[in-house]
>>> print(open('my_file.txt').read())   # compact mmCIF, C-alpha atoms
# COMPACT_ATOMS: atom_id res chain seq x y z
CA ALA E 1 -1.38 4.82 11.06
CA ALA E 2 -3.52 7.84 10.41
CA GLY E 3 -5.98 9.25 12.85
CA ARG E 4 -7.39 11.84 15.18
CA GLY E 5 -8.83 11.62 18.67
CA LEU E 6 -12.49 10.64 19.09
CA ARG E 7 -15.18 11.92 21.37
CA GLY E 8 -18.68 10.50 21.29
CA GLY E 9 -20.67 7.32 21.76
CA HIS E 10 -17.99 4.68 21.28
CA GLU E 11 -16.07 3.17 24.14
CA SER E 12 -12.35 3.59 24.66
CA THR E 13 -11.88 0.09 23.27
CA GLU E 14 -9.59 -1.27 20.63
CA SER E 15 -11.59 -3.19 18.03
CA ILE E 16 -9.71 -5.83 16.07
CA ILE E 17 -11.33 -5.87 12.62
CA MET E 18 -11.12 -9.28 10.97
CA PRO E 19 -12.75 -10.07 7.61
CA VAL E 20 -12.77 -13.83 7.00
CA TYR E 21 -13.11 -15.92 3.86
CA ASN E 22 -12.08 -19.59 3.72
CA ALA E 23 -9.29 -19.11 6.25
CA SER E 24 -9.90 -22.02 8.63
CA CYS E 25 -6.42 -23.51 8.18
CA TRP E 26 -4.80 -20.29 9.48
CA LEU E 27 -7.32 -19.10 12.07
CA ASP E 28 -6.06 -21.08 15.07
CA GLU E 29 -2.60 -19.52 14.78
CA CYS E 30 -4.08 -16.07 14.26
CA LEU E 31 -6.54 -16.27 17.19
CA GLN E 32 -3.85 -17.75 19.44
CA ALA E 33 -1.74 -14.65 18.76
CA ILE E 34 -4.67 -12.37 19.63
CA LEU E 35 -5.25 -14.31 22.86
CA HIS E 36 -1.64 -13.72 23.93
CA GLN E 37 -1.46 -9.99 23.25
CA ASP E 38 0.14 -8.05 26.11
CA PHE E 39 -2.18 -5.07 25.52
CA THR E 40 -3.84 -4.34 28.86
CA GLY E 41 -6.70 -2.10 27.74
CA SER E 42 -10.21 -3.02 26.66
CA MET E 43 -10.18 -5.12 23.48
CA GLU E 44 -12.80 -6.53 21.14
CA LEU E 45 -12.64 -8.92 18.19
CA SER E 46 -15.10 -8.19 15.39
CA VAL E 47 -15.29 -10.93 12.76
CA PHE E 48 -17.35 -10.85 9.58
CA ASP E 49 -17.46 -14.02 7.51
CA ASP E 50 -17.78 -13.37 3.77
CA THR E 51 -19.82 -16.55 3.05
CA SER E 52 -16.92 -18.97 3.59
CA THR E 53 -17.41 -22.48 2.23
CA ASP E 54 -15.12 -24.01 4.87
CA ASP E 55 -15.61 -24.05 8.65
CA SER E 56 -14.00 -20.64 9.30
CA LYS E 57 -16.96 -19.32 11.27
CA LYS E 58 -17.08 -22.48 13.42
CA VAL E 59 -13.34 -22.18 14.18
CA VAL E 60 -13.77 -18.59 15.38
CA GLU E 61 -16.78 -19.60 17.51
CA GLY E 62 -14.59 -22.29 19.06
CA TRP E 63 -12.27 -19.56 20.39
CA ARG E 64 -14.99 -17.36 21.84
CA GLU E 65 -14.88 -18.76 25.39
CA ARG E 66 -11.07 -18.52 25.66
CA LEU E 67 -10.99 -15.00 24.24
CA GLU E 68 -13.78 -13.76 26.49
CA ALA E 69 -12.09 -15.33 29.51
CA ARG E 70 -9.07 -13.17 28.60
CA GLY E 71 -11.36 -10.10 28.58
CA ILE E 72 -11.64 -9.86 24.80
CA SER E 73 -15.27 -9.51 23.73
CA VAL E 74 -16.18 -11.30 20.50
CA VAL E 75 -18.68 -10.29 17.81
CA ILE E 76 -19.17 -12.72 14.91
CA SER E 77 -21.50 -12.39 11.96
CA GLY E 78 -21.60 -13.00 8.22
CA HIS E 79 -23.90 -13.44 5.27
CA ASN E 80 -25.22 -16.39 3.29
CA SER E 81 -25.16 -15.07 -0.26
CA ASP E 82 -24.19 -17.37 -3.12
CA GLN E 83 -20.95 -15.44 -3.70
CA PRO E 84 -18.49 -13.55 -1.46
CA LYS E 85 -18.88 -9.77 -1.62
CA GLY E 86 -15.20 -8.97 -1.16
CA VAL E 87 -12.72 -7.78 1.43
CA GLY E 88 -13.92 -4.16 1.39
CA TYR E 89 -17.49 -5.21 2.13
CA ALA E 90 -16.41 -7.57 4.92
CA LYS E 91 -14.19 -4.92 6.53
CA ASN E 92 -16.97 -2.35 6.49
CA LYS E 93 -19.43 -4.82 8.05
CA ALA E 94 -16.93 -5.83 10.74
CA ILE E 95 -16.38 -2.16 11.59
CA CYS E 96 -20.12 -1.38 11.67
CA GLN E 97 -20.78 -4.11 14.23
CA SER E 98 -17.82 -3.14 16.41
CA ARG E 99 -17.91 -0.52 19.15
CA GLY E 100 -14.30 0.47 19.77
CA GLN E 101 -12.87 3.95 19.57
CA TYR E 102 -9.83 2.59 17.75
CA LEU E 103 -9.62 0.11 14.89
CA CYS E 104 -6.83 -2.38 14.39
CA PHE E 105 -7.01 -4.28 11.08
CA GLN E 106 -6.22 -7.99 11.16
CA ASP E 107 -6.14 -10.49 8.31
CA ALA E 108 -7.31 -13.97 9.22
CA VAL E 109 -4.10 -15.44 7.77
CA VAL E 110 -1.72 -13.03 9.57
CA PRO E 111 -0.72 -13.73 13.17
CA TRP E 112 0.62 -10.92 15.36
CA SER E 113 3.54 -10.92 17.66
CA GLU E 114 2.55 -10.08 21.22
CA ASN E 115 2.26 -6.30 20.87
CA ILE E 116 0.03 -4.00 18.85
CA CYS E 117 0.41 -0.30 18.22
CA PHE E 118 0.05 1.84 15.08
CA THR E 119 1.75 0.50 11.96
CA HIS E 120 4.94 -1.49 12.38
CA LYS E 121 7.56 -3.69 10.77
CA VAL E 122 6.71 -7.17 9.54
CA GLN E 123 8.26 -10.61 9.22
CA ARG E 124 7.33 -12.35 5.96
CA VAL E 125 6.50 -16.06 5.81
CA PRO E 126 7.50 -18.24 4.09
CA GLU E 127 10.93 -16.75 4.72
CA GLY E 128 12.41 -15.28 1.56
CA SER E 129 9.08 -14.73 -0.20
CA THR E 130 8.75 -11.19 -1.61
CA GLU E 131 12.24 -10.44 -0.30
CA ARG E 132 12.63 -7.03 -2.00
CA TYR E 133 9.18 -5.91 -0.86
CA THR E 134 9.79 -6.97 2.75
CA ARG E 135 13.14 -5.19 2.84
CA TRP E 136 11.55 -2.05 1.39
CA ILE E 137 8.58 -1.97 3.77
CA ASN E 138 10.82 -2.47 6.82
CA THR E 139 13.51 0.09 5.95
CA LEU E 140 11.42 3.11 4.93
CA SER E 141 12.22 6.23 6.92
CA GLN E 142 9.45 8.29 8.50
CA ASP E 143 9.63 10.76 5.58
CA GLN E 144 9.56 7.95 3.00
CA LEU E 145 6.24 6.71 4.37
CA ILE E 146 4.88 9.77 2.55
CA THR E 147 7.30 10.23 -0.37
CA GLU E 148 7.29 6.61 -1.64
CA VAL E 149 3.52 6.11 -1.89
CA TYR E 150 3.68 6.06 -5.71
CA THR E 151 5.80 2.93 -6.15
CA SER E 152 4.62 -0.44 -7.43
CA HIS E 153 4.96 -1.83 -3.90
CA GLY E 154 1.68 -0.17 -2.93
CA PRO E 155 0.87 1.44 0.44
CA THR E 156 3.93 2.28 2.52
CA VAL E 157 2.11 0.84 5.51
CA VAL E 158 0.93 -2.77 5.16
CA MET E 159 -2.82 -3.22 5.62
CA PRO E 160 -2.62 -5.80 8.47
CA THR E 161 -0.57 -3.28 10.49
CA TRP E 162 -3.04 -0.39 10.22
CA PHE E 163 -4.30 1.21 13.42
CA CYS E 164 -6.54 4.27 13.32
CA SER E 165 -9.40 5.92 15.16
CA ARG E 166 -12.99 5.16 14.22
CA GLU E 167 -13.43 8.87 13.66
CA TRP E 168 -10.72 8.80 11.00
CA TYR E 169 -12.24 5.75 9.30
CA LEU E 170 -15.61 7.54 9.13
CA LYS E 171 -13.95 10.60 7.64
CA VAL E 172 -11.97 8.67 5.02
CA GLY E 173 -14.03 5.56 4.34
CA PRO E 174 -15.80 3.34 3.89
CA PHE E 175 -13.68 0.79 2.05
CA ASP E 176 -14.54 0.32 -1.61
CA GLU E 177 -16.94 -2.62 -1.98
CA GLY E 178 -16.22 -3.39 -5.64
CA GLY E 179 -15.13 -6.88 -4.65
CA LYS E 180 -12.62 -9.10 -6.43
CA GLY E 181 -10.01 -7.19 -8.39
CA VAL E 182 -10.40 -3.95 -6.43
CA PRO E 183 -7.41 -2.82 -4.28
CA GLU E 184 -9.57 -1.51 -1.45
CA ASP E 185 -6.57 -0.95 0.83
CA LEU E 186 -4.72 1.21 -1.73
CA LEU E 187 -7.86 3.25 -2.47
CA PHE E 188 -8.45 3.87 1.25
CA PHE E 189 -4.76 4.68 1.76
CA TYR E 190 -4.77 7.29 -1.02
CA GLN E 191 -8.00 8.81 0.29
CA SER E 192 -6.52 9.05 3.78
CA LEU E 193 -3.60 11.04 2.38
CA ARG E 194 -6.00 13.27 0.43
CA LYS E 195 -7.81 14.04 3.68
CA GLY E 196 -4.55 15.10 5.29
CA GLY E 197 -3.91 11.90 7.26
CA GLY E 198 -0.47 11.36 8.72
CA LEU E 199 1.54 8.15 8.84
CA PHE E 200 3.58 6.79 11.72
CA ARG E 201 5.41 3.50 12.12
CA VAL E 202 6.69 1.73 15.22
CA ASP E 203 10.16 0.41 14.41
CA GLN E 204 9.60 -3.05 15.85
CA CYS E 205 8.67 -6.26 14.06
CA LEU E 206 5.21 -7.00 15.48
CA LEU E 207 3.58 -8.94 12.67
CA ILE E 208 4.13 -12.17 10.77
CA TYR E 209 2.91 -11.41 7.24
CA ARG E 210 1.95 -14.57 5.37
CA TYR E 211 2.38 -14.89 1.59
CA HIS E 212 0.11 -17.43 -0.07
CA GLU E 213 -1.22 -18.04 -3.57
CA LYS E 214 -4.91 -17.59 -2.71
CA ALA E 215 -4.47 -14.11 -1.23
CA THR E 216 -7.03 -11.64 -2.58
CA THR E 217 -4.22 -9.26 -3.55
CA HIS E 218 -3.43 -11.59 -6.48
CA SER E 219 -6.85 -10.83 -8.02
CA VAL E 220 -5.86 -7.20 -8.61
CA THR E 221 -4.34 -6.69 -12.06
CA GLU E 222 -1.10 -4.85 -12.65
CA SER E 223 -2.88 -2.49 -15.05
CA THR E 224 -5.41 -1.52 -12.36
CA ILE E 225 -2.64 -0.65 -9.90
CA TRP E 226 -0.65 1.16 -12.59
CA LYS E 227 -3.55 3.47 -13.48
CA LEU E 228 -4.27 4.29 -9.84
CA ARG E 229 -0.60 5.08 -9.22
CA VAL E 230 -0.29 7.28 -12.32
CA ASP E 231 -3.47 9.18 -11.47
CA PHE E 232 -2.34 9.77 -7.88
CA LEU E 233 1.12 10.90 -9.03
CA GLN E 234 -0.44 13.37 -11.45
CA GLU E 235 -2.84 14.64 -8.81
CA ARG E 236 -0.37 15.04 -5.97
CA VAL E 237 2.99 15.77 -7.61
CA LEU E 238 2.90 16.61 -11.31
CA SER E 239 0.10 19.13 -10.85
CA GLN E 240 2.54 21.14 -8.72
CA TRP E 241 5.42 21.05 -11.23
CA GLU E 242 5.90 23.17 -14.33
CA SER E 243 8.30 20.66 -15.89
CA PHE E 244 10.21 17.51 -14.95
CA THR E 245 12.56 14.77 -16.16
CA ILE E 246 11.73 11.07 -16.34
CA TRP E 247 14.70 9.01 -15.09
CA ASN E 248 14.71 5.97 -17.41
CA ALA E 249 14.56 6.20 -21.19
CA GLY E 250 13.69 2.51 -21.38
CA LYS E 251 10.44 0.60 -21.27
CA GLN E 252 9.12 1.77 -17.88
CA GLY E 253 9.97 5.43 -18.42
CA ARG E 254 8.31 5.46 -21.83
CA LYS E 255 5.26 3.66 -20.44
CA LEU E 256 4.88 6.33 -17.76
CA TYR E 257 5.16 9.09 -20.38
CA ARG E 258 2.47 7.48 -22.55
CA SER E 259 0.19 7.08 -19.50
CA LEU E 260 0.27 10.76 -18.60
CA SER E 261 -2.36 13.30 -19.55
CA LEU E 262 -1.48 15.45 -22.55
CA ALA E 263 -0.90 18.42 -20.24
CA ASN E 264 1.63 16.45 -18.18
CA GLN E 265 3.29 14.94 -21.26
CA LYS E 266 4.04 18.50 -22.34
CA LYS E 267 5.80 19.07 -18.99
CA VAL E 268 8.36 16.31 -19.68
CA LYS E 269 11.48 18.21 -20.69
CA ALA E 270 13.69 15.13 -21.04
CA PHE E 271 14.33 11.49 -20.30
CA CYS E 272 17.63 10.66 -18.61
CA ASP E 273 19.55 7.41 -18.41
CA VAL E 274 22.96 5.79 -17.91
CA ASP E 275 22.71 3.61 -21.06
CA GLU E 276 24.96 5.15 -23.71
CA ASN E 277 22.98 3.49 -26.53
CA LYS E 278 19.79 5.23 -25.45
CA ILE E 279 21.61 8.53 -24.90
CA GLN E 280 23.29 8.43 -28.33
CA LYS E 281 19.91 8.18 -30.04
CA GLY E 282 19.31 11.71 -28.78
CA PHE E 283 15.57 11.63 -28.35
CA TYR E 284 12.46 9.50 -27.92
CA THR E 285 9.69 9.94 -30.51
CA TYR E 286 6.17 9.31 -29.30
CA GLU E 287 5.00 7.47 -32.41
CA GLU E 288 1.45 6.83 -31.12
CA SER E 289 0.79 10.53 -30.60
CA LYS E 290 -2.00 12.16 -32.58
CA GLU E 291 -0.11 15.44 -32.48
CA ARG E 292 1.76 16.70 -35.52
CA PRO E 293 4.65 16.93 -35.51
CA LYS E 294 5.00 13.95 -33.20
CA PRO E 295 6.59 14.83 -29.84
CA LYS E 296 10.34 14.24 -29.64
CA ILE E 297 11.70 14.14 -26.10
CA PRO E 298 15.47 14.58 -25.55
CA VAL E 299 17.37 11.72 -23.90
CA LEU E 300 20.23 12.90 -21.68
CA HIS E 301 22.83 11.45 -19.38
CA TYR E 302 21.52 11.80 -15.84
CA LYS E 303 24.39 14.18 -14.96
CA ASP E 304 23.24 16.53 -17.72
CA ALA E 305 19.57 16.44 -16.77
CA SER E 306 17.85 18.84 -14.41
CA THR E 307 15.48 18.40 -11.50
CA PRO E 308 12.84 17.51 -10.58
CA PHE E 309 12.87 13.82 -11.50
CA ILE E 310 10.38 10.99 -11.53
CA ILE E 311 12.51 7.88 -11.01
CA CYS E 312 11.27 4.90 -13.06
CA VAL E 313 14.05 2.49 -12.09
CA LYS E 314 13.34 -0.17 -9.50
CA LEU E 315 15.16 0.30 -6.22
CA ASP E 316 17.41 -2.48 -5.00
CA MET E 317 17.81 -3.92 -8.51
CA THR E 318 20.95 -2.25 -9.88
CA GLY E 319 23.55 -3.43 -7.40
CA GLY E 320 23.43 -0.06 -5.67
CA ASN E 321 24.22 1.93 -8.82
CA LEU E 322 20.95 3.85 -8.89
CA GLU E 323 21.18 4.76 -5.24
CA GLU E 324 24.81 5.83 -5.68
CA ASN E 325 23.91 8.00 -8.68
CA LEU E 326 21.08 9.66 -6.81
CA ASN E 327 23.33 10.36 -3.83
CA SER E 328 25.97 11.87 -6.09
CA LEU E 329 23.53 14.59 -7.14
CA GLN E 330 22.86 15.55 -3.51
CA MET E 331 19.11 15.77 -4.02
CA LYS E 332 16.29 15.55 -1.49
CA GLU E 333 13.58 12.96 -1.96
CA GLY E 334 10.12 14.51 -1.95
CA ILE E 335 11.45 17.79 -3.34
CA ASP E 336 13.91 17.03 -6.14
CA TYR E 337 12.61 13.58 -7.01
CA TYR E 338 9.99 10.92 -6.36
CA HIS E 339 10.21 7.20 -6.95
CA PHE E 340 7.73 5.61 -9.34
CA ASN E 341 9.24 2.18 -9.78
>>> encode(input="my_file.txt", output="structure tokens")
Amino acid sequence: AAGRGLRGGHESTESIIMPVYNASCWLDECLQAILHQDFTGSMELSVFDDTSTDDSKKVVEGWRERLEARGISVVISGHNSDQPKGVGYAKNKAICQSRGQYLCFQDAVVPWSENICFTHKVQRVPEGSTERYTRWINTLSQDQLITEVYTSHGPTVVMPTWFCSREWYLKVGPFDEGGKGVPEDLLFFYQSLRKGGGLFRVDQCLLIYRYHEKATTHSVTESTIWKLRVDFLQERVLSQWESFTIWNAGKQGRKLYRSLSLANQKKVKAFCDVDENKIQKGFYTYEESKERPKPKIPVLHYKDASTPFIICVKLDMTGGNLEENLNSLQMKEGIDYYHFN
């Protein structure tokens, strides 16, 4: 969670920010979890319904009396447009109508365990879905919350575990309101880092993170995420390096090279790999280049290559070989290499 302290007109209340769209089948479980939180401070639930076509709003209203009896104030609103305006829009509206000093983001399909504080570990349901992702998100070290922000997994802190001050949201936000196909959480996450925001995780499993086919995350294309990741890598890392090596002379490494700006392509001193067939070829020729002669990039064995590296091999997919090779070079992540996998 990123944030600063807040002084001003908002109460020392924790506002639970819940955008809702056609989530009635999950809301009872979610609201039950909120009701049973063991947080003893002042708490508020702010719900904004993004023109649901089911009875989501009615379900939330049905919980109002029980939540308020528990001391949790409830604010519910929405809009009646023909089409939903997207998660970013609904989050911003839910925040605007809330009054808390701190914001805790809650998906309508994601029930909490009975604690809330900063970002934290998650339990994925159904069990076994997105197994690699869940293992990654739960085993990141404090340093890796910052160094592994460029991977295909997305933000190193899962959106439904975010907890920040309202002041920080106002400094970083609002969320992008582009609607379907826009990764508003990733855009906000990157902007928070640009503004100097820190990240901290509580090493307890406090959230059940539901995977389902209708999740809005599935509307975001791989190419959209790829471009955002490449641009952020170039902005934050490659702009600081005079030269570097791409670890992977195969498809993903070459794709990254082709996606770079011309200035950063010229910084690539080599590809490296463990595949003898790729190494024996000696170099990679960028055939699509408009430059003449066409760029030819050496392909080396990783032991013959030099730092820094951008790693384009997926973690947890090589039976431990990649991790073992990296450890053998006694390098420091965030200085000698970054993962872009």
>>> atom_distance(input="my_file.txt", atom1="atom CA of E:Val237", atom2="atom CA of E:Pro155")
16.6 Å
>>> closest_residue(input="my_file.txt", among="E:Asp38, E:Glu276, E:Glu68, E:Glu177", to="E:Lys93", atoms="only C-alpha atoms")
E:Glu177
>>> closest_residue(input="my_file.txt", among="E:Asn92, E:Leu145, E:Arg201, E:Lys227", to="E:Glu184", atoms="all atoms listed in the file")
E:Asn92
>>> atom_distance(input="my_file.txt", atom1="atom CA of E:Val157", atom2="atom CA of E:Leu260")
26.1 Å
>>> closest_residue(input="my_file.txt", among="E:Val274, E:Asp336, E:Lys266, E:Tyr21", to="E:Lys294", atoms="all atoms listed in the file")
E:Lys266
>>> residues_around(input="my_file.txt", residues="E:Leu27", least_positions_apart="2", cutoff="10 Å", atoms="all atoms listed in the file", output="PyMOL selection string")
chain E and resi 20+22-25+29-33+56-57+59-60+63+107-111
